[in-house]
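Novice: There's a structure below that I have some questions on.
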Amino acid sequence: MGKRLTRFGYCEARLCMPTLLAAPGEIVRGHEFHYSDFIPETPAVYGLS
């Protein structure tokens, strides 16, 4: 955890696999604000832009 925001703003994710949120190829939108960062160890279900 840091003392400052590392990511703040809006993002879009295009689904690569089916989920409860959407089908593959669909885009979901959201916002993020994080004080920490991590390196995932599992394959991604979605791609962010």
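Starting from 1 in every chain, residues are counted up; chains themselves are A, B, ... following the order of the structure tokens, and ligands are numbered from 1 as listed.
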Write out as a PDB file with C-alpha atoms, in the first residue's frame the residues lying within 7 Å of stretch 19-33 of chain A, counting only C-alpha atoms and excluding same-chain residues fewer than 6 positions away.

Specialist:
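In the end it all went to result_38.pdb:
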ATOM      1  CA  LEU A   5      -3.160   6.981  -5.452  1.00  0.00           C
ATOM      2  CA  ARG A   7      -4.410   4.595 -10.399  1.00  0.00           C
ATOM      3  CA  PHE A   8      -7.367   6.912 -10.570  1.00  0.00           C
ATOM      4  CA  GLY A   9      -9.919   7.335 -13.362  1.00  0.00           C
ATOM      5  CA  TYR A  10     -12.215   5.493 -15.723  1.00  0.00           C
ATOM      6  CA  CYS A  11     -11.485   2.271 -17.604  1.00  0.00           C
ATOM      7  CA  GLU A  12     -13.049  -0.050 -20.159  1.00  0.00           C
ATOM      8  CA  ALA A  13     -12.706  -3.828 -20.233  1.00  0.00           C
TER       9      ALA A  13
END

Novice: Which one is closest to A:Lys3: A:Ile39, A:Ala44, A:Pro18, A:His34? Count only C-alpha atoms.

Specialist: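 Of the candidates, the smallest distance to A:Lys3 is held by A:His34.
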
Novice: Excluding A:Val45 and its own-chain neighbours fewer than 2 positions away, which residues fall within 7 Å of it when counting only C-alpha atoms? Please give them as a tab-separated table (two decimals) with C-alpha atoms, in the first residue's frame.

Specialist:
chain	number	residue	atom	x	y	z
A	15	LEU	CA	-14.37	-9.56	-22.07
A	16	CYS	CA	-12.30	-12.44	-23.45
A	17	MET	CA	-14.32	-15.19	-21.77
A	43	PRO	CA	-4.74	-15.73	-16.92
